[in-house]
Structure formats: C-alpha cells, structure tokens
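So this one's data.cif, mmCIF, C-alpha atoms:
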```cif
data_entry
loop_
_atom_site.group_PDB
_atom_site.id
_atom_site.type_symbol
_atom_site.label_atom_id
_atom_site.label_comp_id
_atom_site.auth_asym_id
_atom_site.auth_seq_id
_atom_site.Cartn_x
_atom_site.Cartn_y
_atom_site.Cartn_z
ATOM 1 C CA MET A 1 22.201 -9.080 95.685
ATOM 2 C CA SER A 2 22.896 -9.039 91.915
ATOM 3 C CA GLU A 3 20.404 -7.520 89.441
ATOM 4 C CA ALA A 4 18.085 -9.978 87.618
ATOM 5 C CA PHE A 5 19.093 -10.900 84.080
ATOM 6 C CA ASP A 6 16.165 -12.763 82.572
ATOM 7 C CA CYS A 7 14.853 -13.664 79.088
ATOM 8 C CA ALA A 8 12.433 -10.978 77.856
ATOM 9 C CA LYS A 9 9.948 -13.682 76.815
ATOM 10 C CA CYS A 10 10.100 -16.669 79.155
ATOM 11 C CA SER A 11 11.638 -14.733 82.100
ATOM 12 C CA GLU A 12 14.124 -17.492 82.813
ATOM 13 C CA SER A 13 17.499 -16.408 84.047
ATOM 14 C CA LEU A 14 20.137 -15.998 81.408
ATOM 15 C CA TYR A 15 23.123 -16.267 83.766
ATOM 16 C CA GLY A 16 25.490 -18.837 82.329
ATOM 17 C CA ARG A 17 23.334 -19.314 79.198
ATOM 18 C CA LYS A 18 23.678 -18.225 75.582
ATOM 19 C CA TYR A 19 21.374 -15.354 74.704
ATOM 20 C CA ILE A 20 20.682 -12.854 71.914
ATOM 21 C CA GLN A 21 20.316 -9.154 72.645
ATOM 22 C CA THR A 22 17.569 -7.184 70.828
ATOM 23 C CA ASP A 23 16.097 -3.720 71.166
ATOM 24 C CA ASN A 24 13.393 -5.249 73.358
ATOM 25 C CA GLY A 25 15.870 -6.922 75.628
ATOM 26 C CA PRO A 26 17.765 -10.201 75.804
ATOM 27 C CA TYR A 27 16.241 -13.487 74.609
ATOM 28 C CA CYS A 28 17.293 -17.006 75.233
ATOM 29 C CA VAL A 29 18.019 -18.824 71.999
ATOM 30 C CA PRO A 30 14.798 -20.929 71.887
ATOM 31 C CA CYS A 31 12.628 -17.870 72.582
ATOM 32 C CA TYR A 32 14.514 -15.794 70.015
ATOM 33 C CA ASP A 33 14.041 -18.398 67.275
ATOM 34 C CA ASN A 34 10.362 -18.882 68.102
ATOM 35 C CA THR A 35 9.775 -15.125 68.109
ATOM 36 C CA PHE A 36 11.903 -13.837 65.245
ATOM 37 C CA ALA A 37 12.937 -16.711 62.981
ATOM 38 C CA ASN A 38 11.283 -17.199 59.562
ATOM 39 C CA THR A 39 9.729 -20.469 58.433
ATOM 40 C CA CYS A 40 11.401 -22.237 55.530
ATOM 41 C CA ALA A 41 9.092 -22.336 52.477
ATOM 42 C CA GLU A 42 10.433 -25.767 51.575
ATOM 43 C CA CYS A 43 10.571 -27.810 54.792
ATOM 44 C CA GLN A 44 8.229 -25.606 56.912
ATOM 45 C CA GLN A 45 10.731 -25.607 59.789
ATOM 46 C CA LEU A 46 12.055 -22.531 61.565
ATOM 47 C CA ILE A 47 15.266 -21.106 60.173
ATOM 48 C CA GLY A 48 17.379 -20.833 63.296
ATOM 49 C CA HIS A 49 19.598 -17.912 64.143
ATOM 50 C CA ASP A 50 22.692 -19.956 63.391
ATOM 51 C CA SER A 51 21.483 -21.139 59.950
ATOM 52 C CA ARG A 52 22.273 -19.427 56.652
ATOM 53 C CA GLU A 53 19.016 -18.048 55.354
ATOM 54 C CA LEU A 54 18.148 -17.361 51.720
ATOM 55 C CA PHE A 55 15.013 -15.622 50.469
ATOM 56 C CA TYR A 56 13.340 -15.045 47.126
ATOM 57 C CA GLU A 57 10.109 -13.107 46.459
ATOM 58 C CA ASP A 58 9.044 -12.983 50.126
ATOM 59 C CA ARG A 59 9.834 -16.646 50.632
ATOM 60 C CA HIS A 60 12.578 -17.796 53.013
ATOM 61 C CA PHE A 61 14.655 -20.951 52.774
ATOM 62 C CA HIS A 62 17.339 -22.852 54.617
ATOM 63 C CA GLU A 63 20.433 -22.872 52.449
ATOM 64 C CA GLY A 64 20.061 -26.608 51.977
ATOM 65 C CA CYS A 65 16.374 -26.240 51.042
ATOM 66 C CA PHE A 66 16.980 -23.646 48.343
ATOM 67 C CA ARG A 67 17.340 -26.098 45.458
ATOM 68 C CA CYS A 68 16.001 -27.038 42.030
ATOM 69 C CA CYS A 69 12.663 -28.803 42.360
ATOM 70 C CA ARG A 70 13.616 -31.269 39.597
ATOM 71 C CA CYS A 71 17.272 -32.225 39.952
ATOM 72 C CA GLN A 72 17.626 -31.073 43.607
ATOM 73 C CA ARG A 73 20.767 -29.121 42.768
ATOM 74 C CA SER A 74 21.515 -26.350 45.252
ATOM 75 C CA LEU A 75 20.655 -22.926 43.881
ATOM 76 C CA ALA A 76 22.542 -21.000 46.573
ATOM 77 C CA ASP A 77 25.247 -19.942 44.112
ATOM 78 C CA GLU A 78 23.612 -20.867 40.797
ATOM 79 C CA PRO A 79 21.462 -18.917 38.322
ATOM 80 C CA PHE A 80 17.865 -20.097 38.464
ATOM 81 C CA THR A 81 14.356 -19.452 37.148
ATOM 82 C CA CYS A 82 10.968 -19.527 38.854
ATOM 83 C CA GLN A 83 8.251 -21.308 36.867
ATOM 84 C CA ASP A 84 4.771 -21.527 38.403
ATOM 85 C CA SER A 85 6.259 -20.912 41.873
ATOM 86 C CA GLU A 86 8.787 -23.729 41.382
ATOM 87 C CA LEU A 87 12.502 -23.013 41.419
ATOM 88 C CA LEU A 88 14.453 -24.505 38.530
ATOM 89 C CA CYS A 89 18.127 -24.447 37.669
ATOM 90 C CA ASN A 90 18.878 -23.164 34.163
ATOM 91 C CA ASP A 91 19.586 -26.629 32.803
ATOM 92 C CA CYS A 92 16.228 -28.024 33.965
ATOM 93 C CA TYR A 93 14.360 -24.936 32.810
ATOM 94 C CA CYS A 94 15.905 -25.083 29.326
ATOM 95 C CA SER A 95 15.228 -28.806 29.071
ATOM 96 C CA ALA A 96 11.583 -28.368 30.012
ATOM 97 C CA PHE A 97 10.586 -25.004 28.545
ATOM 98 C CA SER A 98 13.173 -23.718 26.052
ATOM 99 C CA SER A 99 13.298 -24.398 22.333
ATOM 100 C CA GLN A 100 16.082 -25.932 20.326
ATOM 101 C CA CYS A 101 17.647 -24.015 17.444
ATOM 102 C CA SER A 102 16.540 -25.547 14.151
ATOM 103 C CA ALA A 103 19.959 -24.830 12.647
ATOM 104 C CA CYS A 104 22.539 -25.872 15.261
ATOM 105 C CA GLY A 105 20.366 -28.055 17.520
ATOM 106 C CA GLU A 106 21.526 -26.262 20.661
ATOM 107 C CA THR A 107 19.148 -24.887 23.303
ATOM 108 C CA VAL A 108 17.984 -21.317 22.828
ATOM 109 C CA MET A 109 18.729 -19.974 26.294
ATOM 110 C CA PRO A 110 16.150 -17.819 28.107
ATOM 111 C CA GLY A 111 16.764 -14.144 27.492
ATOM 112 C CA SER A 112 18.887 -14.723 24.390
ATOM 113 C CA ARG A 113 17.924 -13.186 21.055
ATOM 114 C CA LYS A 114 15.987 -15.596 18.891
ATOM 115 C CA LEU A 115 13.823 -15.747 15.775
ATOM 116 C CA GLU A 116 10.662 -17.792 15.320
ATOM 117 C CA TYR A 117 8.945 -18.705 12.072
ATOM 118 C CA GLY A 118 6.599 -21.504 11.045
ATOM 119 C CA GLY A 119 6.723 -23.139 14.476
ATOM 120 C CA GLN A 120 10.531 -23.278 14.480
ATOM 121 C CA THR A 121 13.088 -21.330 16.502
ATOM 122 C CA TRP A 122 16.605 -20.144 15.675
ATOM 123 C CA HIS A 123 19.380 -18.337 17.457
ATOM 124 C CA GLU A 124 19.566 -14.931 15.841
ATOM 125 C CA HIS A 125 23.052 -15.704 14.508
ATOM 126 C CA CYS A 126 21.897 -19.094 13.129
ATOM 127 C CA PHE A 127 19.028 -17.808 10.972
ATOM 128 C CA LEU A 128 20.932 -17.418 7.701
ATOM 129 C CA CYS A 129 20.058 -16.859 4.049
ATOM 130 C CA SER A 130 20.369 -20.164 2.184
ATOM 131 C CA GLY A 131 22.011 -18.292 -0.679
ATOM 132 C CA CYS A 132 24.588 -15.822 0.654
ATOM 133 C CA GLU A 133 24.643 -17.364 4.180
ATOM 134 C CA GLN A 134 24.392 -13.943 5.802
ATOM 135 C CA PRO A 135 22.201 -13.471 8.934
ATOM 136 C CA LEU A 136 18.661 -12.509 7.983
ATOM 137 C CA GLY A 137 17.928 -10.762 11.288
ATOM 138 C CA SER A 138 14.989 -8.425 10.776
ATOM 139 C CA ARG A 139 15.432 -8.319 6.974
ATOM 140 C CA SER A 140 12.684 -9.469 4.631
ATOM 141 C CA PHE A 141 13.073 -13.045 3.440
ATOM 142 C CA VAL A 142 11.327 -15.566 1.207
ATOM 143 C CA PRO A 143 10.754 -19.189 2.368
ATOM 144 C CA ASP A 144 11.115 -21.907 -0.263
ATOM 145 C CA LYS A 145 10.902 -25.653 0.433
ATOM 146 C CA GLY A 146 12.421 -25.444 3.891
ATOM 147 C CA ALA A 147 15.068 -22.906 2.874
ATOM 148 C CA HIS A 148 15.032 -19.183 3.544
ATOM 149 C CA TYR A 149 16.420 -16.557 1.180
ATOM 150 C CA CYS A 150 17.005 -12.847 1.427
ATOM 151 C CA VAL A 151 15.096 -11.015 -1.305
ATOM 152 C CA PRO A 152 18.142 -10.377 -3.592
ATOM 153 C CA CYS A 153 19.250 -14.034 -3.427
ATOM 154 C CA TYR A 154 15.736 -15.306 -4.075
ATOM 155 C CA GLU A 155 15.324 -13.045 -7.086
ATOM 156 C CA ASN A 156 18.704 -14.062 -8.497
ATOM 157 C CA LYS A 157 17.926 -17.748 -8.036
ATOM 158 C CA PHE A 158 14.233 -18.059 -8.848
ATOM 159 C CA ALA A 159 12.762 -14.888 -10.351
ATOM 160 C CA PRO A 160 12.201 -14.909 -14.146
ATOM 161 C CA ARG A 161 14.590 -12.828 -16.220
ATOM 162 C CA CYS A 162 13.665 -10.406 -18.942
ATOM 163 C CA ALA A 163 14.316 -11.800 -22.432
ATOM 164 C CA ARG A 164 15.833 -8.464 -23.471
ATOM 165 C CA CYS A 165 17.887 -7.092 -20.556
ATOM 166 C CA SER A 166 18.336 -10.400 -18.622
ATOM 167 C CA LYS A 167 17.532 -8.662 -15.341
ATOM 168 C CA THR A 168 15.040 -10.211 -12.924
ATOM 169 C CA LEU A 169 11.364 -9.317 -13.021
ATOM 170 C CA THR A 170 10.359 -8.507 -9.468
ATOM 171 C CA GLN A 171 6.797 -7.514 -10.318
ATOM 172 C CA GLY A 172 4.529 -7.075 -13.288
ATOM 173 C CA GLY A 173 6.017 -7.744 -16.706
ATOM 174 C CA VAL A 174 4.507 -9.097 -19.933
ATOM 175 C CA THR A 175 4.900 -12.301 -21.929
ATOM 176 C CA TYR A 176 5.969 -12.265 -25.561
ATOM 177 C CA ARG A 177 6.834 -15.404 -27.537
ATOM 178 C CA ASP A 178 6.454 -17.404 -24.298
ATOM 179 C CA GLN A 179 9.179 -15.378 -22.602
ATOM 180 C CA PRO A 180 8.930 -12.765 -19.812
ATOM 181 C CA TRP A 181 9.758 -9.126 -20.516
ATOM 182 C CA HIS A 182 9.814 -5.945 -18.486
ATOM 183 C CA ARG A 183 7.023 -3.753 -19.780
ATOM 184 C CA GLU A 184 9.554 -1.026 -20.476
ATOM 185 C CA CYS A 185 11.784 -3.473 -22.412
ATOM 186 C CA LEU A 186 9.124 -4.578 -24.900
ATOM 187 C CA VAL A 187 9.424 -1.745 -27.420
ATOM 188 C CA CYS A 188 9.088 -1.385 -31.155
ATOM 189 C CA THR A 189 12.326 -2.297 -32.931
ATOM 190 C CA GLY A 190 11.788 0.646 -35.258
ATOM 191 C CA CYS A 191 10.621 3.635 -33.195
ATOM 192 C CA GLN A 192 11.184 2.297 -29.637
ATOM 193 C CA THR A 193 7.549 2.954 -28.693
ATOM 194 C CA PRO A 194 6.377 0.769 -25.742
ATOM 195 C CA LEU A 195 4.259 -2.104 -27.055
ATOM 196 C CA ALA A 196 2.746 -3.437 -23.809
ATOM 197 C CA GLY A 197 -1.025 -3.238 -24.152
ATOM 198 C CA GLN A 198 -0.753 -2.222 -27.826
ATOM 199 C CA GLN A 199 -1.356 -4.111 -31.050
ATOM 200 C CA PHE A 200 1.912 -5.140 -32.684
ATOM 201 C CA THR A 201 3.458 -7.764 -34.924
ATOM 202 C CA SER A 202 6.926 -9.207 -35.469
ATOM 203 C CA ARG A 203 9.463 -10.026 -38.112
ATOM 204 C CA ASP A 204 12.442 -12.317 -37.539
ATOM 205 C CA ASP A 205 11.424 -12.407 -33.837
ATOM 206 C CA ASP A 206 11.722 -8.610 -33.563
ATOM 207 C CA PRO A 207 8.552 -6.791 -32.431
ATOM 208 C CA TYR A 208 7.232 -3.807 -34.383
ATOM 209 C CA CYS A 209 4.347 -1.440 -33.876
ATOM 210 C CA VAL A 210 1.764 -1.461 -36.666
ATOM 211 C CA ALA A 211 3.007 1.813 -38.149
ATOM 212 C CA CYS A 212 6.660 0.774 -38.338
ATOM 213 C CA PHE A 213 5.857 -2.673 -39.636
ATOM 214 C CA GLY A 214 3.706 -1.162 -42.358
ATOM 215 C CA GLU A 215 6.378 1.324 -43.417
ATOM 216 C CA LEU A 216 9.187 -1.211 -43.348
ATOM 217 C CA PHE A 217 7.688 -4.487 -44.490
ATOM 218 C CA ALA A 218 4.026 -4.236 -45.553
ATOM 219 C CA PRO A 219 3.236 -4.270 -49.275
ATOM 220 C CA LYS A 220 2.337 -0.867 -50.724
ATOM 221 C CA CYS A 221 -0.992 -0.257 -52.349
ATOM 222 C CA SER A 222 -0.528 0.030 -56.141
ATOM 223 C CA SER A 223 -3.088 2.822 -56.169
ATOM 224 C CA CYS A 224 -2.496 5.113 -53.150
ATOM 225 C CA LYS A 225 1.076 3.921 -52.462
ATOM 226 C CA ARG A 226 0.364 3.680 -48.726
ATOM 227 C CA PRO A 227 1.265 0.519 -46.753
ATOM 228 C CA ILE A 228 -1.255 -2.264 -46.582
ATOM 229 C CA THR A 229 -0.895 -3.071 -42.906
ATOM 230 C CA GLY A 230 -1.522 -6.730 -43.249
ATOM 231 C CA GLY A 231 1.773 -8.368 -42.401
ATOM 232 C CA ARG A 232 1.325 -11.154 -44.973
ATOM 233 C CA ARG A 233 -0.363 -11.627 -48.313
ATOM 234 C CA VAL A 234 -3.386 -13.846 -48.071
ATOM 235 C CA GLY A 235 -4.930 -13.667 -51.548
ATOM 236 C CA GLU A 236 -3.558 -14.496 -54.964
ATOM 237 C CA LEU A 237 -5.125 -13.989 -58.403
ATOM 238 C CA ARG A 238 -8.091 -11.808 -57.519
ATOM 239 C CA GLY A 239 -8.085 -13.266 -54.037
ATOM 240 C CA ARG A 240 -8.862 -11.138 -51.015
ATOM 241 C CA GLY A 241 -6.846 -11.032 -47.811
ATOM 242 C CA ALA A 242 -7.197 -9.574 -44.340
ATOM 243 C CA GLY A 243 -4.633 -7.059 -43.174
ATOM 244 C CA LEU A 244 -3.484 -6.486 -39.624
ATOM 245 C CA GLY A 245 -6.408 -5.213 -37.594
ATOM 246 C CA GLY A 246 -8.916 -6.492 -40.134
ATOM 247 C CA GLY A 247 -7.935 -4.275 -43.103
ATOM 248 C CA LYS A 248 -8.815 -6.216 -46.274
ATOM 249 C CA TYR A 249 -6.811 -6.083 -49.454
ATOM 250 C CA VAL A 250 -6.603 -7.618 -52.940
ATOM 251 C CA SER A 251 -3.512 -9.118 -54.561
ATOM 252 C CA PHE A 252 -2.797 -9.793 -58.189
ATOM 253 C CA GLU A 253 0.562 -11.166 -59.212
ATOM 254 C CA ASP A 254 3.033 -8.855 -57.437
ATOM 255 C CA ARG A 255 0.630 -5.962 -56.949
ATOM 256 C CA HIS A 256 -1.665 -5.182 -54.015
ATOM 257 C CA TRP A 257 -4.566 -2.830 -53.348
ATOM 258 C CA HIS A 258 -6.596 -1.753 -50.373
ATOM 259 C CA HIS A 259 -10.208 -2.804 -50.856
ATOM 260 C CA SER A 260 -11.190 0.834 -51.106
ATOM 261 C CA CYS A 261 -8.469 1.485 -53.693
ATOM 262 C CA PHE A 262 -9.202 -1.494 -55.957
ATOM 263 C CA ALA A 263 -11.204 0.392 -58.595
ATOM 264 C CA CYS A 264 -11.261 0.964 -62.337
ATOM 265 C CA ALA A 265 -8.635 3.493 -63.366
ATOM 266 C CA ARG A 266 -11.124 5.186 -65.720
ATOM 267 C CA CYS A 267 -14.577 5.134 -64.168
ATOM 268 C CA SER A 268 -13.515 4.533 -60.547
ATOM 269 C CA ALA A 269 -16.040 1.703 -60.165
ATOM 270 C CA SER A 270 -15.059 -0.752 -57.422
ATOM 271 C CA LEU A 271 -13.587 -3.947 -58.800
ATOM 272 C CA VAL A 272 -13.869 -5.935 -55.554
ATOM 273 C CA GLY A 273 -15.608 -9.174 -56.452
ATOM 274 C CA GLN A 274 -15.822 -8.096 -60.126
ATOM 275 C CA GLY A 275 -13.941 -9.135 -63.232
ATOM 276 C CA PHE A 276 -11.180 -6.782 -64.293
ATOM 277 C CA VAL A 277 -8.567 -6.370 -67.011
ATOM 278 C CA PRO A 278 -4.973 -5.325 -66.295
ATOM 279 C CA ASP A 279 -3.806 -2.422 -68.416
ATOM 280 C CA GLY A 280 -0.136 -1.826 -67.751
ATOM 281 C CA ASP A 281 0.146 -0.683 -64.151
ATOM 282 C CA LYS A 282 -3.608 0.001 -64.031
ATOM 283 C CA VAL A 283 -6.716 -2.143 -63.830
ATOM 284 C CA LEU A 284 -9.954 -1.556 -65.775
ATOM 285 C CA CYS A 285 -13.463 -2.798 -65.434
ATOM 286 C CA GLN A 286 -14.630 -4.940 -68.323
ATOM 287 C CA GLY A 287 -16.808 -2.111 -69.701
ATOM 288 C CA CYS A 288 -13.971 0.438 -69.877
ATOM 289 C CA SER A 289 -11.650 -2.192 -71.293
ATOM 290 C CA GLN A 290 -14.043 -2.996 -74.110
ATOM 291 C CA ALA A 291 -14.590 0.707 -74.837
ATOM 292 C CA GLY A 292 -11.024 0.981 -76.028
ATOM 293 C CA PRO A 293 -8.487 3.708 -75.289
#
```
Can you present the structure in this file as structure tokens?
Amino acid sequence: MSEAFDCAKCSESLYGRKYIQTDNGPYCVPCYDNTFANTCAECQQLIGHDSRELFYEDRHFHEGCFRCCRCQRSLADEPFTCQDSELLCNDCYCSAFSSQCSACGETVMPGSRKLEYGGQTWHEHCFLCSGCEQPLGSRSFVPDKGAHYCVPCYENKFAPRCARCSKTLTQGGVTYRDQPWHRECLVCTGCQTPLAGQQFTSRDDDPYCVACFGELFAPKCSSCKRPITGGRRVGELRGRGAGLGGGKYVSFEDRHWHHSCFACARCSASLVGQGFVPDGDKVLCQGCSQAGP
C-alpha cells in the first residue's frame, strides 16, 4: 500500500491535486489561502497565493485594489502619498493639499523647496527681488505694495538721499532746509565741526557754527572789536536788536555795539536806552558832551 499524502489542515488526500508545501507540511490550495493569506485592506477579501500582493504600512492589498482613493488610478508603479490613511496619487494630493506658486502659478510639489510669506507661497527659484530680479532665498527683504525688494534695491529706489553726499540714509539722519542729511555730513562750512544737535545758522544756504559765522559775517562791535553773533542787524538809529542766542546789540548808522559795550567813551556810563552824542568814532553821554573836550 502507498503512504498517505494528505493536507496538513483538512486531511484530505492530495494525490492528483494541486498543493503548496510548507515547513508544517503540504496544504491544499483552499486550506493554504485560508491559513496563510492576508486580507486586502481595500476589498476585505483574501489575497490568494496566485495574486500579486502589495503592502504599505502593515496594510496588504490586491494589486488592483492598491489605487488612488480619488481618481482610482493604480498606484502599483506610481509615486503616491498617504493622507489621513487614504492613498492619493501625486496629482490628486497636489490638487487637494498643495499650494500654487504666486509667481508662476504652478503647483508647489510636496518635498520641494518653497518660501511662504503673507499667506502666499513661492517656489524658491520664483521668489525674486522686484528690482534686480535675483532670488531672495534666505536674504532679508522689504515688502512694498505687493512687491518684494532686497535691501540694497529698496534703499536705492525708496530710501531718502543725503543732500550733501547723495548716498542713501539707511537710519538716523537729520533734516536741514527740508532736506535729509547724514549726521556726519551736516558740518560747519568753515571749520567742518558737526552741527547735528548744535546751534547754527546759514548764509547762502551754507551752514555755519556760531563761532565761524560770527568771525566771517557778523558785524564787529565798535568798542571791543569782537563779533556780534547776531546774524542780522535788527535795530537802526538807536534801535536795539537781538543777536543769535539772544545776545542784544545796538546799531547806529554803520556801527554796532554789544549792549554791554554801548557806553560813554569818557565816563563809561551805559548808553542803552539813553540819549547819546557821536564824537568821531566814539559816543558820549549828553553830560560829557556838554562838558566839552
């Protein structure tokens, strides 16, 4: 008698039947599939031994069941993405979840380098300076009315320029005659001393410190010969003026005196607010004038 050759599970004879050999013995095809086959995650049917099986993250699929959940395209030989346990082809994923480049209008593909700003997205190579049209990448930029500029282009286009050197003012600066200046460019025309934060005046649009203006342009006191730092004559014919910084002076014809210097040449009495008599290049009080030489 011949030796028994039975299925290891159902014990039916395998003579003349198709079987599958395992370490635990031979199995008829139905018993093998029921014992060892995986269940398809899509259709919930067994994946038979003669079917091509695909698996992804501990889930098994018939080849025909491994497809995009939206367009039903087979993913067997296609790149795909899993979103909330659903399998999506790249086209469907990009259409549903990817952004469009604000510059070229094309989809920004998953995994590609991109830049986001103000709720908009760009391909890295599409995010360009509106001035020089070079990629901004990770460089600093300045937004302006929907455009984006690298710092040098923005400064060249929009930043104020110094009235003296014509270079842009990137920070700080002062205003003189309604024009912007670098602090270091606003200097005295005479001695080149910085004038920012200092008292100064001007002549023919050129700025001068008080000392230089006094030496160069202020009238000289007829008594002490020092400048009357006033900048302009305010009084005429015994009138009294105010010099720069509040220094008062007296003018008569083409001569000028500091208040403290306007005194009688003989008795030194102050003549401010008093009558006086000119005596050559001197002035006398009425008493000394009447006393004679």
Care to translate the PyMOL selection byres ((chain A and resi 185) around 9) into actual residues of this file, as a compact mmCIF listing (two decimals) with C-alpha atoms, in the coordinates of the input?
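The result, written out as selection-v3.txt:
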```txt
# COMPACT_ATOMS: atom_id res chain seq x y z
CA CYS A 162 13.66 -10.41 -18.94
CA ALA A 163 14.32 -11.80 -22.43
CA ARG A 164 15.83 -8.46 -23.47
CA CYS A 165 17.89 -7.09 -20.56
CA TRP A 181 9.76 -9.13 -20.52
CA HIS A 182 9.81 -5.94 -18.49
CA ARG A 183 7.02 -3.75 -19.78
CA GLU A 184 9.55 -1.03 -20.48
CA LEU A 186 9.12 -4.58 -24.90
CA VAL A 187 9.42 -1.74 -27.42
CA PRO A 194 6.38 0.77 -25.74
CA LEU A 195 4.26 -2.10 -27.06
```
- Would you list the contacts of stretch 143-155 of chain A as a count of residues only, taking every protein, DNA or RNA residue within 7 Å and counting only C-alpha atoms, but skipping same-chain residues closer than 6 positions in sequence? 6
Could you tell me, as a short mmCIF file (atom, residue, chain, number, x, y, z; two decimals) with C-alpha atoms, keeping the file's coordinate frame, exactly which residues end up selected when the PyMOL selection byres ((chain A and resi 20-23) around 12) is applied to this structure?
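selection14.cif, written as the output of this step:
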```cif
data_model
loop_
_atom_site.label_atom_id
_atom_site.label_comp_id
_atom_site.auth_asym_id
_atom_site.auth_seq_id
_atom_site.Cartn_x
_atom_site.Cartn_y
_atom_site.Cartn_z
CA PHE A 5 19.09 -10.90 84.08
CA ASP A 6 16.16 -12.76 82.57
CA CYS A 7 14.85 -13.66 79.09
CA ALA A 8 12.43 -10.98 77.86
CA LYS A 9 9.95 -13.68 76.82
CA LEU A 14 20.14 -16.00 81.41
CA ARG A 17 23.33 -19.31 79.20
CA LYS A 18 23.68 -18.23 75.58
CA TYR A 19 21.37 -15.35 74.70
CA ASN A 24 13.39 -5.25 73.36
CA GLY A 25 15.87 -6.92 75.63
CA PRO A 26 17.76 -10.20 75.80
CA TYR A 27 16.24 -13.49 74.61
CA CYS A 28 17.29 -17.01 75.23
CA VAL A 29 18.02 -18.82 72.00
CA PRO A 30 14.80 -20.93 71.89
CA CYS A 31 12.63 -17.87 72.58
CA TYR A 32 14.51 -15.79 70.02
CA ASP A 33 14.04 -18.40 67.28
CA THR A 35 9.78 -15.12 68.11
CA PHE A 36 11.90 -13.84 65.24
CA HIS A 49 19.60 -17.91 64.14
CA ASP A 50 22.69 -19.96 63.39
#
```
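Here, the PyMOL selection byres ((chain A and resi 105) around 12) matches A:Ser98, A:Ser99, A:Gln100, A:Cys101, A:Ser102, A:Ala103, A:Cys104, A:Glu106, A:Thr107, A:Val108, A:Gln120, A:Thr121, A:Trp122, A:His123, A:Cys126.
Contact shell of A:Lys282 at 9 Å (only C-alpha atoms; same-chain neighbours under 2 positions omitted): Ser222, Ser223, Cys264, Ala265, Val277, Pro278, Asp279, Gly280 and Leu284 of chain A.
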